[in-house]
Amino acid sequence: MTFNSSNADKYWKEVDSEVRELSNSKIGIQKISLHSNESSTVYGLSIESVGGFNIFAYYSVPSGKGPFPAIFMTPSYQSVTGVPPLNRRKSHVVLAVCVRGQRLSDSKYKSNFPGLLTDNINNPMKYPFRGISADCLRAADALFSMNEVDTSNVGVAGIGELPLIVAALRPKFKVVMTETPFLFNEPFNRLNAKTDYPQEEYADLLREDPEALGSAQKTVALFSPQIHCKMISSITRFSCSNSEVEDAKALANLIKGESSIYTKSGKGFTDKSSGEDWLESKLKP
Amino acid sequence: MVNYQPENWVSSVERPDDFDDFWGGILEQAEKTPLETELTFIEMRSTPEVDVYDIRYTSYDGIRIAAWYCKPKGTGAFPGLLHLPGYVSEPTLPKSLARAGYAVIGAAPRGKLRSNQIFNPGYPGLLTHNITSKDSYGYLGFYMDAIRAFDLLNEIPEVDSKRLGVRGDSQGGALTLLTAALRSEKVAAAAAGCPYLCSMMDAASLTDSYPYQEINDYLYNYPHEENAIRNCLNYFDIQNFAKQIKSPIIVNLGLKDDVCPPETGFALFDEISSGEKFLYTYEDCAHDAGQFVGQAEITNAFLAERLNPEPVV
């Protein structure tokens with residue numbers, strides 16, 4: 001499947017424009033005492049997003065005198081975004097967003113798992129990931145507007161395409177850290193008899209309606225990491241398994257700024273520590 | 001410098017004198033409630049090899065619980081497997097395990113999506129929901145939902161009730177151990193990865209990662225409730241169920257797990273009564289507990305050897 005990059009450009013300009021129209025919208029903020037402690041204070045943010053959605057985000061500020069480097073955490077493919085981890089909260093402002101459909105942001109739309117990945121996939125304007133991307137951009141803008149944030153030292157971290165989309169459309173991010181799996185990197189070409197969820201959702205869709213392939217491919221292509229990597233000038237790190245290195249290399253080569261690939265050892269402590277150390281080193285003022 | 005050895009660590013969990021009576025009463029109440037099972041075939045998610053169903057059943061306190069049920073095409077009999085979910089993750093739609101030859105239930109205990117209309121403490125929230133009262137603690141019904149999912153599996157006609165297994169990681173590992181303890185006469189094989197809810201109060205003092213950090217957050221705000229919390233959790237701590245586990249069982253731990261400290265896993269494993277128990281530990285692994293460096297294959301082989309599935313793909 002080839003994608004028309006001018007269509008993608010138009011699509012994302014519209015998303016960005018809708019997000020920027022909300023730039024003067026007031027952000028609600030309320031302290032959450034239960035999750036605050038001596039090292040950091042946690043707040044709940046209430047953020048208006050596109051399409052009349054209201055989304056929630058956890059916002060944590062270290063104790064002491066700022067401004068602080070900051071980390072924006074994009075959500076994973078699940079119903080929960082948790083309270084930001086203490087290891088990050090001790091020395092960074094951290095914002096973790098619950099996008100539309102996730103718990104705490106699900107008054108108008110509830111995501112299904114499985115189901116979210118192919119919901120309205122035949123219509124790119126109604127595809128939930130359009131709104132989810134907009135929610136991330138709104139939350140990122142909220143983070144940059146905070147007085148306690150050192151806006152020259154802000155990173156975005158997460159899994160899959162969302163960190164790339166955010167970094168592409170908000171070049172103020174100094175660093176971006178993402179890891180596989182990707183959901184939109186030519187997924188229909190990768191389906192096989194052993195595919196598991198969430199990618200199996202694509203196989204379910206095609207089994208039910210083989211005719212859906214064309215429109216689904218067009219929508220998915222708009223979210224392809226190839227589109228967004230070309231726009232990124234932040235320092236970028238991809239983390240992937242050994243079998244995914246070639247895919248990661250292809251994406252890393254598109255990044256305009258400095259990029260690197262970390263091949264996972266499969267040992268969680270080693271791999272997580274490597275990422276956290278990298279992020280911290282790059283966000284040092 | 002002394003070389004710290006987590007396997008020598010000692011749990012502070014105490015077993016209440018009325019522990020067996022308490023759970024005997026709860027189980028009796030749960031078993032009195034008819035399951036009233038409803039199966040709905042999900043054509044969209046089914047394949048030429050695997051049938052997928054949405055299951056609903058009634059559990060403790062009359063709450064309707066959702067689950068996925070996947071089985072190979074055909075009439076069986078198939079070995080049955082209960083797959084139990086982690087804390088924040090959604091229950092797996094276990095199609096890949098059905099491809100491996102099992103009739104599988106992926107349960108969504110109360111509070112998980114599709115089972116949260118009445119009970120919905122959220123995440124964070126479940127771990128500390130009514131944490132000072134053993135009679136209304138959030139995990140009370142949650143535990144029974146797992147047990148009743150196993151009972152349901154046992155009743156499905158195409159499932160061979162002599163070949164029933166249970167598996168899960170993290171919270172799913174805890175529920176696996178619970179099921180192996182409370183249904184020890186029926187569980188033919190169990191696999192618990194990086195089990196959560198073991199030596200809970202100790203675990204909270206060993207880590208500042210969520211979900212255990214929920215307990216630390218709670219204690220920071222309500223320090224005077226520590227004794228009440230400890231007393232309540234003693235009834236729910238999986239450490240106190242371990243002696244009842246008689247089935248063949250495999251447990252795997254990451255030696256640098258910041259989510260479920262390995263100390264608590266070692267202490268748990270020591271207490272398991274089964275004569276056929278195996279522990280796998282992994283250096284430099286965290287909450288993944290070795291699943292990407294060979295443990296997944298070991299677990300699959302362990303279950304297959306005892307439950308004898310016939311793969312369909």
# chains A, B, ... in the order shown; residues from 1 in each chain; ligands from 1

$ interface_residues --of "chain A" --to "chain B" --cutoff "7 Å" --atoms "only C-alpha atoms" --output "VMD selection string"
chain A and resid 34 to 35 78 80 82 85 to 86 113 196 204 208 266 to 270

$ write_last_selection --atoms "N, CA and C atoms" --output "PDB file, in the first residue's frame"
ATOM      1  N   LEU A  34      -4.104  11.816  47.739  1.00  0.00           N
ATOM      2  CA  LEU A  34      -3.846  10.394  47.955  1.00  0.00           C
ATOM      3  C   LEU A  34      -2.555   9.933  47.282  1.00  0.00           C
ATOM      4  N   HIS A  35      -2.204  10.518  46.164  1.00  0.00           N
ATOM      5  CA  HIS A  35      -1.008  10.052  45.452  1.00  0.00           C
ATOM      6  C   HIS A  35       0.164  11.026  45.572  1.00  0.00           C
ATOM      7  N   GLN A  78      -4.433   0.187  26.082  1.00  0.00           N
ATOM      8  CA  GLN A  78      -5.182  -0.455  27.162  1.00  0.00           C
ATOM      9  C   GLN A  78      -6.112   0.576  27.773  1.00  0.00           C
ATOM     10  N   VAL A  80      -6.338   1.640  30.814  1.00  0.00           N
ATOM     11  CA  VAL A  80      -5.833   2.370  31.982  1.00  0.00           C
ATOM     12  C   VAL A  80      -4.562   3.145  31.661  1.00  0.00           C
ATOM     13  N   GLY A  82      -1.988   4.862  34.231  1.00  0.00           N
ATOM     14  CA  GLY A  82      -1.802   4.886  35.677  1.00  0.00           C
ATOM     15  C   GLY A  82      -1.175   6.176  36.177  1.00  0.00           C
ATOM     16  N   PRO A  85       5.047   6.902  37.472  1.00  0.00           N
ATOM     17  CA  PRO A  85       5.919   6.198  38.414  1.00  0.00           C
ATOM     18  C   PRO A  85       6.799   7.151  39.223  1.00  0.00           C
ATOM     19  N   LEU A  86       7.085   6.733  40.451  1.00  0.00           N
ATOM     20  CA  LEU A  86       7.850   7.609  41.354  1.00  0.00           C
ATOM     21  C   LEU A  86       9.266   7.872  40.869  1.00  0.00           C
ATOM     22  N   PHE A 113     -11.505  -3.369  24.150  1.00  0.00           N
ATOM     23  CA  PHE A 113     -10.253  -4.091  23.910  1.00  0.00           C
ATOM     24  C   PHE A 113     -10.555  -5.583  23.896  1.00  0.00           C
ATOM     25  N   ASP A 196      -1.355 -12.214  17.080  1.00  0.00           N
ATOM     26  CA  ASP A 196      -2.157 -12.129  18.299  1.00  0.00           C
ATOM     27  C   ASP A 196      -2.674 -10.700  18.455  1.00  0.00           C
ATOM     28  N   ASP A 204      -9.399  -9.994  12.164  1.00  0.00           N
ATOM     29  CA  ASP A 204     -10.832 -10.167  12.440  1.00  0.00           C
ATOM     30  C   ASP A 204     -11.664  -9.310  11.480  1.00  0.00           C
ATOM     31  N   GLU A 208     -14.310 -10.710   8.568  1.00  0.00           N
ATOM     32  CA  GLU A 208     -15.728 -10.343   8.573  1.00  0.00           C
ATOM     33  C   GLU A 208     -16.109  -9.623   7.284  1.00  0.00           C
ATOM     34  N   GLY A 266      15.672  -8.587  26.055  1.00  0.00           N
ATOM     35  CA  GLY A 266      14.611  -9.486  26.530  1.00  0.00           C
ATOM     36  C   GLY A 266      14.579  -9.579  28.040  1.00  0.00           C
ATOM     37  N   LYS A 267      15.557  -8.939  28.690  1.00  0.00           N
ATOM     38  CA  LYS A 267      15.587  -8.913  30.162  1.00  0.00           C
ATOM     39  C   LYS A 267      15.070  -7.548  30.604  1.00  0.00           C
ATOM     40  N   GLY A 268      13.913  -7.571  31.240  1.00  0.00           N
ATOM     41  CA  GLY A 268      13.167  -6.349  31.495  1.00  0.00           C
ATOM     42  C   GLY A 268      13.906  -5.299  32.285  1.00  0.00           C
ATOM     43  N   PHE A 269      14.640  -5.717  33.311  1.00  0.00           N
ATOM     44  CA  PHE A 269      15.342  -4.727  34.123  1.00  0.00           C
ATOM     45  C   PHE A 269      16.422  -4.030  33.301  1.00  0.00           C
ATOM     46  N   THR A 270      17.179  -4.814  32.569  1.00  0.00           N
ATOM     47  CA  THR A 270      18.247  -4.260  31.740  1.00  0.00           C
ATOM     48  C   THR A 270      17.670  -3.285  30.717  1.00  0.00           C
TER      49      THR A 270
END

$ residues_around --residues "Val42 of chain A" --least-positions-apart "2" --cutoff "7 Å" --atoms "only C-alpha atoms" --output "ChimeraX atom specification"
/A:31-32,35-36,40,44,58-61

$ write_last_selection --atoms "N, CA and C atoms" --output "mmCIF file, in the first residue's frame"
data_model
loop_
_atom_site.group_PDB
_atom_site.id
_atom_site.type_symbol
_atom_site.label_atom_id
_atom_site.label_comp_id
_atom_site.auth_asym_id
_atom_site.auth_seq_id
_atom_site.Cartn_x
_atom_site.Cartn_y
_atom_site.Cartn_z
ATOM 1 N N LYS A 31 -5.481 19.145 43.133
ATOM 2 C CA LYS A 31 -4.500 18.295 43.801
ATOM 3 C C LYS A 31 -5.114 16.943 44.163
ATOM 4 N N ILE A 32 -4.340 15.873 43.967
ATOM 5 C CA ILE A 32 -4.770 14.539 44.407
ATOM 6 C C ILE A 32 -3.890 14.159 45.595
ATOM 7 N N HIS A 35 -2.204 10.518 46.164
ATOM 8 C CA HIS A 35 -1.008 10.052 45.452
ATOM 9 C C HIS A 35 0.164 11.026 45.572
ATOM 10 N N SER A 36 0.013 12.040 46.381
ATOM 11 C CA SER A 36 1.113 12.987 46.612
ATOM 12 C C SER A 36 1.925 12.529 47.813
ATOM 13 N N SER A 40 6.896 14.538 45.663
ATOM 14 C CA SER A 40 6.174 15.120 44.521
ATOM 15 C C SER A 40 4.698 15.303 44.857
ATOM 16 N N GLY A 44 -4.745 16.300 39.247
ATOM 17 C CA GLY A 44 -5.554 15.836 38.129
ATOM 18 C C GLY A 44 -5.861 17.031 37.245
ATOM 19 N N TYR A 58 -2.940 12.862 34.653
ATOM 20 C CA TYR A 58 -2.178 12.988 35.894
ATOM 21 C C TYR A 58 -1.025 13.945 35.622
ATOM 22 N N TYR A 59 -0.784 14.851 36.588
ATOM 23 C CA TYR A 59 0.272 15.842 36.426
ATOM 24 C C TYR A 59 1.038 15.895 37.746
ATOM 25 N N SER A 60 2.306 15.560 37.697
ATOM 26 C CA SER A 60 3.099 15.468 38.928
ATOM 27 C C SER A 60 4.252 16.474 38.896
ATOM 28 N N VAL A 61 4.449 17.142 40.025
ATOM 29 C CA VAL A 61 5.497 18.159 40.135
ATOM 30 C C VAL A 61 6.419 17.806 41.305
#

$ select_by_dssp --residues "segment 21-121 of chain A" --states "alpha helix (DSSP H)" --output "JSON, numbers by chain"
{"A": [86, 87, 88, 89]}

$ select_by_dssp --residues "segment 31-272 of chain A" --states "strand (DSSP E)" --output "PyMOL selection string"
chain A and resi 31+40-49+53-62+68-73+93-98+149-157+175-179+235-240+259-263

$ write_last_selection --atoms "C-alpha atoms" --output "short mmCIF file (atom, residue, chain, number, x, y, z; two decimals), in the first residue's frame"
data_model
loop_
_atom_site.label_atom_id
_atom_site.label_comp_id
_atom_site.auth_asym_id
_atom_site.auth_seq_id
_atom_site.Cartn_x
_atom_site.Cartn_y
_atom_site.Cartn_z
CA LYS A 31 -4.50 18.30 43.80
CA SER A 40 6.17 15.12 44.52
CA THR A 41 2.66 16.50 44.33
CA VAL A 42 0.16 14.91 41.99
CA TYR A 43 -2.68 16.82 40.37
CA GLY A 44 -5.55 15.84 38.13
CA LEU A 45 -5.92 17.96 35.02
CA SER A 46 -9.18 18.46 33.18
CA ILE A 47 -8.48 19.38 29.58
CA GLU A 48 -10.94 20.28 26.84
CA SER A 49 -10.10 18.47 23.62
CA PHE A 53 -14.34 15.76 24.66
CA ASN A 54 -13.02 16.39 28.14
CA ILE A 55 -9.94 14.40 29.07
CA PHE A 56 -8.14 13.69 32.30
CA ALA A 57 -4.40 13.67 32.91
CA TYR A 58 -2.18 12.99 35.89
CA TYR A 59 0.27 15.84 36.43
CA SER A 60 3.10 15.47 38.93
CA VAL A 61 5.50 18.16 40.13
CA PRO A 62 8.66 17.42 42.15
CA PHE A 68 12.14 21.07 36.13
CA PRO A 69 12.76 18.93 33.08
CA ALA A 70 9.55 17.22 32.05
CA ILE A 71 8.31 13.93 30.64
CA PHE A 72 5.11 13.55 28.68
CA MET A 73 3.81 9.97 28.82
CA VAL A 93 7.50 17.10 36.01
CA VAL A 94 5.46 14.24 34.56
CA LEU A 95 2.20 14.37 32.65
CA ALA A 96 0.40 11.08 31.87
CA VAL A 97 -2.71 11.49 29.77
CA CYS A 98 -5.87 9.37 29.75
CA VAL A 149 8.33 23.20 33.36
CA ASP A 150 11.75 23.87 31.85
CA THR A 151 10.38 24.00 28.32
CA SER A 152 13.81 23.46 26.77
CA ASN A 153 14.05 20.06 28.46
CA VAL A 154 10.90 18.15 27.71
CA GLY A 155 10.70 14.58 26.43
CA VAL A 156 7.89 12.39 25.18
CA ALA A 157 7.95 8.70 25.98
CA VAL A 175 13.72 14.06 22.94
CA VAL A 176 11.37 11.26 21.97
CA MET A 177 11.58 7.68 23.20
CA THR A 178 9.41 4.97 21.74
CA GLU A 179 9.38 1.21 21.48
CA ILE A 235 16.67 13.38 19.54
CA THR A 236 14.93 10.04 18.98
CA ARG A 237 15.40 6.58 20.42
CA PHE A 238 13.74 3.42 19.17
CA SER A 239 13.72 0.33 21.32
CA CYS A 240 12.90 -2.95 19.62
CA SER A 259 18.45 8.99 16.25
CA SER A 260 19.47 5.72 17.82
CA ILE A 261 18.22 2.15 18.10
CA TYR A 262 18.35 0.03 21.21
CA THR A 263 17.99 -3.70 20.66
#

$ residues_around --residues "Asp16 of chain A" --least-positions-apart "3" --cutoff "12 Å" --atoms "only C-alpha atoms" --output "ChimeraX atom specification"
/A:9-13,19-23,49-50,130-131,133-138,141,165-166,168-170

$ write_last_selection --atoms "C-alpha atoms" --output "mmCIF file, in the first residue's frame"
data_model
loop_
_atom_site.group_PDB
_atom_site.id
_atom_site.type_symbol
_atom_site.label_atom_id
_atom_site.label_comp_id
_atom_site.auth_asym_id
_atom_site.auth_seq_id
_atom_site.Cartn_x
_atom_site.Cartn_y
_atom_site.Cartn_z
ATOM 1 C CA ASP A 9 -0.272 16.423 5.372
ATOM 2 C CA LYS A 10 -3.784 17.885 4.998
ATOM 3 C CA TYR A 11 -5.234 15.442 7.530
ATOM 4 C CA TRP A 12 -2.710 16.272 10.231
ATOM 5 C CA LYS A 13 -2.828 20.014 9.556
ATOM 6 C CA VAL A 19 -6.176 21.503 18.626
ATOM 7 C CA ARG A 20 -4.746 25.001 18.366
ATOM 8 C CA GLU A 21 -8.244 26.488 18.308
ATOM 9 C CA LEU A 22 -8.519 25.304 21.906
ATOM 10 C CA SER A 23 -5.282 26.929 23.026
ATOM 11 C CA SER A 49 -10.101 18.468 23.623
ATOM 12 C CA VAL A 50 -11.428 18.419 20.081
ATOM 13 C CA ARG A 130 -7.598 10.866 15.243
ATOM 14 C CA GLY A 131 -9.185 12.103 18.451
ATOM 15 C CA SER A 133 -3.843 11.944 18.757
ATOM 16 C CA ALA A 134 -5.566 15.292 19.283
ATOM 17 C CA ASP A 135 -5.941 14.512 22.997
ATOM 18 C CA CYS A 136 -2.215 13.850 23.224
ATOM 19 C CA LEU A 137 -1.440 17.148 21.492
ATOM 20 C CA ARG A 138 -3.788 19.040 23.826
ATOM 21 C CA ASP A 141 0.342 21.851 24.976
ATOM 22 C CA ILE A 165 2.945 11.771 16.246
ATOM 23 C CA VAL A 166 3.317 14.138 19.195
ATOM 24 C CA ALA A 168 6.282 15.406 14.789
ATOM 25 C CA LEU A 169 3.582 17.981 15.452
ATOM 26 C CA ARG A 170 5.241 19.586 18.469
#

$ closest_residue --among "B:Ser12, B:Ser247, B:Gln29, B:Thr132" --to "Met201 of chain B" --atoms "only C-alpha atoms"
B:Ser12

$ atom_distance --atom1 "atom CA of Gly168 of chain B" --atom2 "atom CA of Ala192 of chain B"
5.5 Å

$ residues_around --residues "Thr176 of chain B" --least-positions-apart "2" --cutoff "12 Å" --atoms "only C-alpha atoms" --output "ChimeraX atom specification"
/B:81-86,107,143,146-147,149-150,165-174,178-184,187,189-197,238,241-242,245,247,249-251

$ atom_distance --atom1 "atom CA of Phe19 of chain B" --atom2 "atom CA of Arg64 of chain B"
26.7 Å

$ closest_residue --among "B:Arg163, B:Lys243, B:Arg230, B:Lys186" --to "Pro79 of chain B" --atoms "only C-alpha atoms"
B:Arg163

$ atom_distance --atom1 "atom CA of Leu127 of chain B" --atom2 "atom CA of Leu35 of chain B"
25.9 Å

$ residues_around --residues "Leu254 of chain A" --least-positions-apart "4" --cutoff "8 Å" --atoms "only C-alpha atoms" --output "PDB file with C-alpha atoms, in the first residue's frame"
ATOM      1  CA  GLN A 226       6.944   6.737   8.259  1.00  0.00           C
ATOM      2  CA  CYS A 229       9.388  10.196  11.474  1.00  0.00           C
ATOM      3  CA  LYS A 230      10.121  12.416   8.474  1.00  0.00           C
ATOM      4  CA  ALA A 250      14.174   2.198   8.312  1.00  0.00           C
TER       5      ALA A 250
END
